[in-house]
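Next comes input-v3.cif, with mmCIF, N, CA and C atoms.
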```cif
data_target
#
loop_
_atom_site.label_atom_id
_atom_site.label_comp_id
_atom_site.auth_asym_id
_atom_site.auth_seq_id
_atom_site.Cartn_x
_atom_site.Cartn_y
_atom_site.Cartn_z
N SER U 1 -19.52 -9.61 70.00
CA SER U 1 -20.38 -10.61 69.35
C SER U 1 -19.95 -10.77 67.90
N THR U 2 -20.09 -11.94 67.35
CA THR U 2 -19.78 -12.16 65.94
C THR U 2 -20.82 -13.06 65.31
N SER U 3 -20.92 -12.99 64.01
CA SER U 3 -21.82 -13.86 63.28
C SER U 3 -21.35 -13.95 61.84
N THR U 4 -21.57 -15.08 61.20
CA THR U 4 -21.21 -15.21 59.79
C THR U 4 -22.42 -14.94 58.92
N SER U 5 -22.17 -14.64 57.67
CA SER U 5 -23.27 -14.36 56.76
C SER U 5 -23.15 -15.20 55.50
N THR U 6 -24.18 -15.16 54.71
CA THR U 6 -24.19 -15.92 53.47
C THR U 6 -23.28 -15.33 52.40
N ASN U 7 -22.79 -14.11 52.61
CA ASN U 7 -21.92 -13.51 51.61
C ASN U 7 -20.44 -13.74 51.92
N SER U 8 -20.13 -14.74 52.73
CA SER U 8 -18.76 -15.16 53.06
C SER U 8 -17.98 -14.15 53.89
N LEU U 9 -18.67 -13.19 54.48
CA LEU U 9 -18.01 -12.24 55.37
C LEU U 9 -18.33 -12.58 56.82
N LEU U 10 -17.42 -12.22 57.69
CA LEU U 10 -17.64 -12.34 59.12
C LEU U 10 -17.96 -10.95 59.63
N TYR U 11 -19.02 -10.82 60.44
CA TYR U 11 -19.39 -9.52 60.99
C TYR U 11 -19.05 -9.48 62.47
N ILE U 12 -18.35 -8.44 62.89
CA ILE U 12 -17.99 -8.23 64.28
C ILE U 12 -18.86 -7.09 64.77
N VAL U 13 -19.66 -7.35 65.79
CA VAL U 13 -20.65 -6.38 66.25
C VAL U 13 -20.47 -6.14 67.74
N GLY U 14 -20.26 -4.87 68.12
CA GLY U 14 -20.20 -4.50 69.52
C GLY U 14 -19.02 -5.13 70.24
N GLY U 15 -19.22 -5.42 71.51
CA GLY U 15 -18.20 -6.02 72.34
C GLY U 15 -17.90 -5.16 73.55
N ILE U 16 -16.89 -5.56 74.30
CA ILE U 16 -16.55 -4.88 75.55
C ILE U 16 -15.32 -4.00 75.35
N THR U 17 -15.34 -2.84 75.98
CA THR U 17 -14.17 -1.96 76.01
C THR U 17 -13.64 -1.95 77.44
N PRO U 18 -12.43 -1.49 77.66
CA PRO U 18 -11.95 -1.37 79.04
C PRO U 18 -12.89 -0.49 79.86
N GLY U 19 -13.14 -0.90 81.09
CA GLY U 19 -14.08 -0.17 81.94
C GLY U 19 -15.48 -0.75 81.77
N PRO U 20 -16.49 -0.04 82.22
CA PRO U 20 -17.87 -0.58 82.23
C PRO U 20 -18.64 -0.32 80.94
N PHE U 21 -17.97 -0.05 79.86
CA PHE U 21 -18.67 0.37 78.65
C PHE U 21 -18.63 -0.71 77.57
N GLY U 22 -19.66 -0.73 76.75
CA GLY U 22 -19.69 -1.60 75.59
C GLY U 22 -19.45 -0.79 74.34
N ARG U 23 -19.51 -1.49 73.21
CA ARG U 23 -19.22 -0.85 71.93
C ARG U 23 -20.43 -0.90 71.01
N THR U 24 -20.45 0.03 70.06
CA THR U 24 -21.47 0.03 69.01
C THR U 24 -20.84 -0.22 67.64
N ALA U 25 -19.52 -0.37 67.62
CA ALA U 25 -18.80 -0.53 66.35
C ALA U 25 -19.20 -1.81 65.63
N VAL U 26 -19.22 -1.74 64.31
CA VAL U 26 -19.51 -2.90 63.46
C VAL U 26 -18.47 -2.95 62.34
N TYR U 27 -17.94 -4.14 62.11
CA TYR U 27 -16.98 -4.36 61.03
C TYR U 27 -17.36 -5.62 60.28
N SER U 28 -17.07 -5.63 58.99
CA SER U 28 -17.12 -6.89 58.26
C SER U 28 -15.67 -7.29 57.99
N TYR U 29 -15.44 -8.60 57.97
CA TYR U 29 -14.10 -9.11 57.72
C TYR U 29 -14.19 -10.10 56.58
N ASP U 30 -13.34 -9.91 55.59
CA ASP U 30 -13.27 -10.81 54.44
C ASP U 30 -12.03 -11.69 54.61
N PRO U 31 -12.21 -12.97 54.94
CA PRO U 31 -11.06 -13.84 55.16
C PRO U 31 -10.23 -14.10 53.90
N GLU U 32 -10.82 -13.93 52.73
CA GLU U 32 -10.07 -14.15 51.50
C GLU U 32 -9.07 -13.03 51.24
N THR U 33 -9.44 -11.79 51.61
CA THR U 33 -8.55 -10.65 51.37
C THR U 33 -7.87 -10.16 52.65
N ASP U 34 -8.31 -10.70 53.81
CA ASP U 34 -7.80 -10.29 55.12
C ASP U 34 -8.02 -8.80 55.36
N ILE U 35 -9.20 -8.29 54.97
CA ILE U 35 -9.53 -6.87 55.12
C ILE U 35 -10.74 -6.71 56.04
N TYR U 36 -10.59 -5.80 57.02
CA TYR U 36 -11.69 -5.38 57.89
C TYR U 36 -12.26 -4.10 57.30
N THR U 37 -13.59 -4.02 57.22
CA THR U 37 -14.25 -2.83 56.69
C THR U 37 -15.23 -2.29 57.73
N PRO U 38 -15.06 -1.01 58.14
CA PRO U 38 -16.03 -0.42 59.08
C PRO U 38 -17.41 -0.35 58.44
N ARG U 39 -18.43 -0.63 59.22
CA ARG U 39 -19.83 -0.55 58.79
C ARG U 39 -20.55 0.46 59.68
N THR U 40 -21.80 0.71 59.39
CA THR U 40 -22.59 1.62 60.22
C THR U 40 -22.70 1.07 61.64
N SER U 41 -22.40 1.91 62.62
CA SER U 41 -22.47 1.49 64.02
C SER U 41 -23.89 1.13 64.42
N SER U 42 -24.01 0.23 65.39
CA SER U 42 -25.33 -0.15 65.89
C SER U 42 -25.93 0.99 66.70
N PRO U 43 -27.26 1.06 66.77
CA PRO U 43 -27.90 2.15 67.49
C PRO U 43 -27.77 2.04 69.01
N GLN U 44 -27.29 0.92 69.50
CA GLN U 44 -27.20 0.68 70.94
C GLN U 44 -25.96 -0.15 71.23
N ILE U 45 -25.45 -0.05 72.43
CA ILE U 45 -24.33 -0.89 72.86
C ILE U 45 -24.74 -2.35 72.71
N ILE U 46 -23.86 -3.16 72.15
CA ILE U 46 -24.11 -4.59 71.96
C ILE U 46 -23.05 -5.35 72.76
N VAL U 47 -23.46 -5.94 73.87
CA VAL U 47 -22.52 -6.68 74.72
C VAL U 47 -23.27 -7.81 75.44
N PHE U 48 -22.65 -8.97 75.50
CA PHE U 48 -23.20 -10.16 76.17
C PHE U 48 -24.51 -10.65 75.56
N VAL U 49 -24.66 -10.51 74.25
CA VAL U 49 -25.85 -11.02 73.57
C VAL U 49 -25.45 -11.67 72.26
N PRO U 50 -26.27 -12.59 71.78
CA PRO U 50 -25.97 -13.20 70.49
C PRO U 50 -26.32 -12.28 69.33
N VAL U 51 -25.61 -12.49 68.25
CA VAL U 51 -25.90 -11.83 66.98
C VAL U 51 -26.06 -12.96 65.98
N VAL U 52 -27.18 -12.98 65.27
CA VAL U 52 -27.48 -14.11 64.39
C VAL U 52 -28.07 -13.62 63.08
N PHE U 53 -27.75 -14.32 61.99
CA PHE U 53 -28.35 -14.03 60.69
C PHE U 53 -29.60 -14.86 60.50
N ASP U 54 -30.61 -14.27 59.86
CA ASP U 54 -31.74 -15.06 59.41
C ASP U 54 -31.36 -15.68 58.07
N ASN U 55 -32.24 -16.31 57.39
CA ASN U 55 -31.92 -16.93 56.10
C ASN U 55 -32.00 -15.94 54.95
N ASN U 56 -32.03 -14.67 55.27
CA ASN U 56 -32.12 -13.63 54.27
C ASN U 56 -30.83 -12.84 54.30
N ARG U 57 -30.90 -11.55 54.46
CA ARG U 57 -29.69 -10.72 54.50
C ARG U 57 -29.64 -9.87 55.75
N HIS U 58 -30.33 -10.33 56.82
CA HIS U 58 -30.42 -9.54 58.04
C HIS U 58 -29.71 -10.21 59.20
N LEU U 59 -28.98 -9.39 59.92
CA LEU U 59 -28.32 -9.79 61.15
C LEU U 59 -29.18 -9.23 62.28
N PHE U 60 -29.44 -10.01 63.32
CA PHE U 60 -30.26 -9.56 64.44
C PHE U 60 -29.44 -9.52 65.71
N THR U 61 -29.56 -8.41 66.47
CA THR U 61 -29.05 -8.35 67.83
C THR U 61 -30.25 -8.55 68.74
N LEU U 62 -30.10 -9.37 69.76
CA LEU U 62 -31.25 -9.80 70.56
C LEU U 62 -31.06 -9.42 72.02
N GLY U 63 -31.37 -8.17 72.37
CA GLY U 63 -31.19 -7.68 73.72
C GLY U 63 -29.80 -7.09 73.89
N SER U 64 -29.45 -6.79 75.14
CA SER U 64 -28.11 -6.31 75.47
C SER U 64 -27.99 -6.22 76.97
N LEU U 65 -26.80 -5.94 77.42
CA LEU U 65 -26.54 -5.70 78.84
C LEU U 65 -25.98 -4.30 78.94
N ILE U 66 -26.73 -3.40 79.58
CA ILE U 66 -26.32 -2.01 79.70
C ILE U 66 -26.35 -1.62 81.17
N GLY U 67 -25.21 -1.20 81.68
CA GLY U 67 -25.13 -0.79 83.07
C GLY U 67 -25.46 -1.89 84.05
N GLY U 68 -25.19 -3.13 83.71
CA GLY U 68 -25.45 -4.26 84.60
C GLY U 68 -26.86 -4.81 84.51
N ALA U 69 -27.72 -4.21 83.69
CA ALA U 69 -29.09 -4.69 83.53
C ALA U 69 -29.33 -5.12 82.08
N SER U 70 -30.04 -6.21 81.92
CA SER U 70 -30.34 -6.69 80.57
C SER U 70 -31.50 -5.89 79.98
N THR U 71 -31.58 -5.87 78.67
CA THR U 71 -32.67 -5.19 77.97
C THR U 71 -33.34 -6.18 77.02
N GLU U 72 -34.52 -5.82 76.57
CA GLU U 72 -35.24 -6.65 75.60
C GLU U 72 -35.18 -6.06 74.20
N VAL U 73 -34.44 -4.98 74.02
CA VAL U 73 -34.40 -4.25 72.75
C VAL U 73 -33.64 -5.04 71.68
N CYS U 74 -34.23 -5.12 70.50
CA CYS U 74 -33.62 -5.84 69.37
C CYS U 74 -33.50 -4.91 68.16
N PHE U 75 -32.50 -5.22 67.34
CA PHE U 75 -32.30 -4.48 66.09
C PHE U 75 -31.99 -5.47 64.99
N SER U 76 -32.29 -5.06 63.75
CA SER U 76 -31.86 -5.84 62.59
C SER U 76 -30.93 -4.98 61.75
N TYR U 77 -29.96 -5.63 61.15
CA TYR U 77 -28.98 -4.95 60.31
C TYR U 77 -29.03 -5.58 58.93
N ASP U 78 -29.25 -4.77 57.91
CA ASP U 78 -29.30 -5.24 56.53
C ASP U 78 -27.88 -5.15 55.97
N VAL U 79 -27.26 -6.31 55.70
CA VAL U 79 -25.87 -6.33 55.25
C VAL U 79 -25.71 -5.77 53.84
N THR U 80 -26.78 -5.75 53.06
CA THR U 80 -26.71 -5.23 51.70
C THR U 80 -26.73 -3.70 51.67
N THR U 81 -27.58 -3.10 52.49
CA THR U 81 -27.72 -1.65 52.49
C THR U 81 -26.94 -0.97 53.61
N ASP U 82 -26.34 -1.76 54.52
CA ASP U 82 -25.56 -1.22 55.64
C ASP U 82 -26.41 -0.31 56.52
N THR U 83 -27.65 -0.76 56.81
CA THR U 83 -28.57 0.05 57.63
C THR U 83 -29.13 -0.77 58.78
N TRP U 84 -29.40 -0.08 59.88
CA TRP U 84 -30.01 -0.66 61.07
C TRP U 84 -31.46 -0.25 61.17
N ALA U 85 -32.29 -1.12 61.73
CA ALA U 85 -33.70 -0.82 61.99
C ALA U 85 -34.10 -1.48 63.30
N SER U 86 -35.09 -0.91 63.96
CA SER U 86 -35.64 -1.55 65.15
C SER U 86 -36.30 -2.85 64.76
N ALA U 87 -36.20 -3.83 65.63
CA ALA U 87 -36.88 -5.11 65.44
C ALA U 87 -37.74 -5.34 66.68
N PRO U 88 -38.75 -6.20 66.60
CA PRO U 88 -39.58 -6.46 67.78
C PRO U 88 -38.73 -6.94 68.96
N ASN U 89 -39.03 -6.41 70.14
CA ASN U 89 -38.29 -6.79 71.33
C ASN U 89 -38.49 -8.25 71.69
N VAL U 90 -37.44 -8.86 72.29
CA VAL U 90 -37.59 -10.21 72.83
C VAL U 90 -38.65 -10.15 73.93
N LEU U 91 -39.21 -11.29 74.29
CA LEU U 91 -40.32 -11.32 75.23
C LEU U 91 -39.93 -10.95 76.65
N SER U 92 -38.66 -11.14 77.00
CA SER U 92 -38.21 -10.76 78.34
C SER U 92 -36.77 -10.26 78.24
N SER U 93 -36.43 -9.34 79.13
CA SER U 93 -35.07 -8.82 79.15
C SER U 93 -34.10 -9.96 79.39
N ARG U 94 -33.00 -9.95 78.64
CA ARG U 94 -32.00 -10.97 78.87
C ARG U 94 -30.67 -10.60 78.24
N ALA U 95 -29.64 -11.24 78.77
CA ALA U 95 -28.28 -11.15 78.25
C ALA U 95 -27.62 -12.50 78.54
N ASN U 96 -26.44 -12.70 78.02
CA ASN U 96 -25.71 -13.96 78.23
C ASN U 96 -26.49 -15.18 77.74
N HIS U 97 -27.25 -15.02 76.68
CA HIS U 97 -28.03 -16.14 76.15
C HIS U 97 -27.47 -16.57 74.80
N ALA U 98 -28.02 -17.63 74.28
CA ALA U 98 -27.60 -18.15 72.97
C ALA U 98 -28.75 -17.98 71.99
N ALA U 99 -28.42 -18.00 70.71
CA ALA U 99 -29.44 -17.92 69.66
C ALA U 99 -28.94 -18.66 68.43
N ALA U 100 -29.90 -19.14 67.65
CA ALA U 100 -29.56 -19.84 66.42
C ALA U 100 -30.68 -19.63 65.41
N CYS U 101 -30.31 -19.63 64.14
CA CYS U 101 -31.27 -19.54 63.05
C CYS U 101 -31.63 -20.96 62.62
N ARG U 102 -32.92 -21.24 62.54
CA ARG U 102 -33.37 -22.56 62.09
C ARG U 102 -33.45 -22.59 60.57
N ALA U 103 -33.59 -23.76 60.01
CA ALA U 103 -33.63 -23.93 58.55
C ALA U 103 -34.76 -23.12 57.91
N ASP U 104 -35.86 -22.90 58.62
CA ASP U 104 -36.98 -22.15 58.07
C ASP U 104 -36.80 -20.63 58.20
N GLY U 105 -35.66 -20.18 58.77
CA GLY U 105 -35.39 -18.75 58.91
C GLY U 105 -35.79 -18.18 60.25
N SER U 106 -36.53 -18.94 61.05
CA SER U 106 -36.89 -18.44 62.37
C SER U 106 -35.67 -18.49 63.29
N ILE U 107 -35.72 -17.71 64.35
CA ILE U 107 -34.60 -17.60 65.27
C ILE U 107 -35.04 -18.05 66.66
N VAL U 108 -34.24 -18.90 67.29
CA VAL U 108 -34.52 -19.39 68.63
C VAL U 108 -33.53 -18.75 69.59
N THR U 109 -34.03 -18.22 70.72
CA THR U 109 -33.16 -17.76 71.80
C THR U 109 -33.29 -18.73 72.95
N ILE U 110 -32.17 -18.97 73.62
CA ILE U 110 -32.12 -20.00 74.65
C ILE U 110 -31.42 -19.45 75.89
N GLY U 111 -32.07 -19.59 77.06
CA GLY U 111 -31.45 -19.28 78.33
C GLY U 111 -31.12 -17.82 78.50
N GLY U 112 -30.02 -17.56 79.20
CA GLY U 112 -29.58 -16.21 79.49
C GLY U 112 -29.93 -15.81 80.90
N SER U 113 -29.88 -14.52 81.16
CA SER U 113 -30.21 -14.00 82.48
C SER U 113 -30.82 -12.62 82.35
N SER U 114 -31.73 -12.31 83.28
CA SER U 114 -32.33 -10.99 83.28
C SER U 114 -31.47 -10.02 84.07
N GLN U 115 -30.65 -10.51 84.95
CA GLN U 115 -29.64 -9.75 85.67
C GLN U 115 -28.37 -10.58 85.63
N VAL U 116 -27.27 -10.02 86.06
CA VAL U 116 -25.98 -10.71 85.96
C VAL U 116 -26.02 -12.08 86.65
N SER U 117 -26.74 -12.20 87.77
CA SER U 117 -26.72 -13.46 88.52
C SER U 117 -28.08 -14.14 88.55
N ASP U 118 -28.89 -13.96 87.53
CA ASP U 118 -30.24 -14.51 87.50
C ASP U 118 -30.44 -15.38 86.26
N PRO U 119 -29.92 -16.62 86.28
CA PRO U 119 -30.03 -17.45 85.07
C PRO U 119 -31.48 -17.84 84.77
N SER U 120 -31.77 -18.04 83.49
CA SER U 120 -33.12 -18.43 83.09
C SER U 120 -33.07 -19.65 82.18
N THR U 121 -34.23 -20.23 81.99
CA THR U 121 -34.36 -21.36 81.06
C THR U 121 -35.37 -21.01 79.97
N PHE U 122 -35.48 -19.73 79.63
CA PHE U 122 -36.41 -19.29 78.59
C PHE U 122 -36.01 -19.82 77.22
N TYR U 123 -36.99 -20.21 76.45
CA TYR U 123 -36.82 -20.56 75.04
C TYR U 123 -37.86 -19.77 74.27
N ASP U 124 -37.41 -18.91 73.38
CA ASP U 124 -38.34 -18.11 72.60
C ASP U 124 -38.04 -18.26 71.11
N LEU U 125 -39.06 -18.04 70.30
CA LEU U 125 -38.95 -18.20 68.85
C LEU U 125 -39.36 -16.90 68.17
N TYR U 126 -38.53 -16.41 67.24
CA TYR U 126 -38.84 -15.22 66.46
C TYR U 126 -39.06 -15.63 65.02
N ASP U 127 -40.16 -15.16 64.45
CA ASP U 127 -40.47 -15.42 63.05
C ASP U 127 -40.28 -14.12 62.27
N PRO U 128 -39.17 -13.98 61.50
CA PRO U 128 -38.94 -12.75 60.75
C PRO U 128 -40.03 -12.46 59.71
N GLY U 129 -40.68 -13.49 59.22
CA GLY U 129 -41.74 -13.29 58.22
C GLY U 129 -42.95 -12.56 58.77
N THR U 130 -43.30 -12.83 60.04
CA THR U 130 -44.43 -12.17 60.67
C THR U 130 -43.99 -11.14 61.71
N ALA U 131 -42.68 -11.07 61.97
CA ALA U 131 -42.11 -10.15 62.96
C ALA U 131 -42.74 -10.33 64.34
N THR U 132 -42.89 -11.60 64.74
CA THR U 132 -43.49 -11.90 66.04
C THR U 132 -42.63 -12.87 66.82
N TRP U 133 -42.69 -12.74 68.16
CA TRP U 133 -42.04 -13.65 69.10
C TRP U 133 -43.09 -14.53 69.74
N SER U 134 -42.70 -15.75 70.10
CA SER U 134 -43.57 -16.63 70.87
C SER U 134 -42.72 -17.46 71.81
N ASN U 135 -43.32 -17.89 72.93
CA ASN U 135 -42.63 -18.78 73.87
C ASN U 135 -42.63 -20.20 73.34
N LEU U 136 -41.57 -20.92 73.61
CA LEU U 136 -41.50 -22.35 73.27
C LEU U 136 -41.69 -23.16 74.52
#
```

Go ahead and express the file in the form of structure tokens.
Amino acid sequence: STSTSTNSLLYIVGGITPGPFGRTAVYSYDPETDIYTPRTSSPQIIVFVPVVFDNNRHLFTLGSLIGGASTEVCFSYDVTTDTWASAPNVLSSRANHAAACRADGSIVTIGGSSQVSDPSTFYDLYDPGTATWSNL
């Protein structure tokens, strides 16, 4: 997964390794200097999920796919302090979905699947200011 930030760095979060395992590695990449910098690893495998920045300094991972099953577990990463924290879980387990940050800083998740072959049409909204999820 990748996401850009307001500080002109690209963050590479998690991904797939050979075999059935995912990664917890996190790197920032500075395109001006062409340098990758290791960051604090994520607390959980991050694979087949979106990673998105809010309008602040936080990157959010929204669920994951572990052992063929999706999870609802979310984390936030503070790019300034290089620290991870638990974030409120998405409303339903999912992976293979999309997410975007809206102009007001809220985050929308779209679609995905609760299992590898179970597509959904869920639309959920996360408000970082109140730390709450709601269905759309």

Fill in: Protein, DNA and RNA residues within 8 Å of (-28.4, -1.8, 70.6), only C-alpha atoms, as JSON, numbers by chain
{"U": [24, 42, 43, 44, 45, 46, 61, 63, 64, 73, 74, 75]}

Would you write out those residues with N, CA and C atoms, as a CSV table (one decimal), in the frame of the given file?
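See again.csv below for the written result:
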```
chain,number,residue,atom,x,y,z
U,24,THR,N,-20.4,0.0,70.1
U,24,THR,CA,-21.5,0.0,69.0
U,24,THR,C,-20.8,-0.2,67.6
U,42,SER,N,-24.0,0.2,65.4
U,42,SER,CA,-25.3,-0.2,65.9
U,42,SER,C,-25.9,1.0,66.7
U,43,PRO,N,-27.3,1.1,66.8
U,43,PRO,CA,-27.9,2.2,67.5
U,43,PRO,C,-27.8,2.0,69.0
U,44,GLN,N,-27.3,0.9,69.5
U,44,GLN,CA,-27.2,0.7,70.9
U,44,GLN,C,-26.0,-0.2,71.2
U,45,ILE,N,-25.4,0.0,72.4
U,45,ILE,CA,-24.3,-0.9,72.9
U,45,ILE,C,-24.7,-2.4,72.7
U,46,ILE,N,-23.9,-3.2,72.2
U,46,ILE,CA,-24.1,-4.6,72.0
U,46,ILE,C,-23.0,-5.4,72.8
U,61,THR,N,-29.6,-8.4,66.5
U,61,THR,CA,-29.0,-8.4,67.8
U,61,THR,C,-30.2,-8.6,68.7
U,63,GLY,N,-31.4,-8.2,72.4
U,63,GLY,CA,-31.2,-7.7,73.7
U,63,GLY,C,-29.8,-7.1,73.9
U,64,SER,N,-29.4,-6.8,75.1
U,64,SER,CA,-28.1,-6.3,75.5
U,64,SER,C,-28.0,-6.2,77.0
U,73,VAL,N,-34.4,-5.0,74.0
U,73,VAL,CA,-34.4,-4.2,72.8
U,73,VAL,C,-33.6,-5.0,71.7
U,74,CYS,N,-34.2,-5.1,70.5
U,74,CYS,CA,-33.6,-5.8,69.4
U,74,CYS,C,-33.5,-4.9,68.2
U,75,PHE,N,-32.5,-5.2,67.3
U,75,PHE,CA,-32.3,-4.5,66.1
U,75,PHE,C,-32.0,-5.5,65.0
```

Worksheet entry | U:Val51, U:Ile66, U:Asp34, U:Ala131 ranked by distance to Ala99 (chain U), top pick (using only N, CA and C atoms) | U:Val51

Fill in: Residues matched by the PyMOL selection byres ((chain U and resi 91) around 6.5) as an NGL selection string
:U and (72 or 89-90 or 92-93 or 133)

Item to complete: List the residues selected by the PyMOL selection byres (((chain U and resi 47 and name CA) around 9) and name CA) in the file shown, writing them as JSON, numbers by chain.
Response: {"U": [1, 13, 14, 15, 16, 21, 22, 23, 24, 45, 46, 48, 49, 50, 63, 64, 65, 66, 95, 96]}

Worksheet entry | Counting only N, CA and C atoms, the residue of U:Ser28, U:Thr40, U:Val79, U:Ala100 that sits nearest Val52 (chain U) | U:Ala100

Worksheet entry | In region 3-135 of chain U, DSSP strand (DSSP E or B) residues written as a ChimeraX atom specification | /U:3-4,10-13,16,22,26-30,35-39,51-53,58-66,69-78,83-87,94-95,98-101,107-110,113,115,119,123-127,132-135

Item to complete: Grab the CA of Ile107 (chain U) to atom N of Tyr36 (chain U) distance for me, in Å with one decimal place.
Response: 28.0 Å
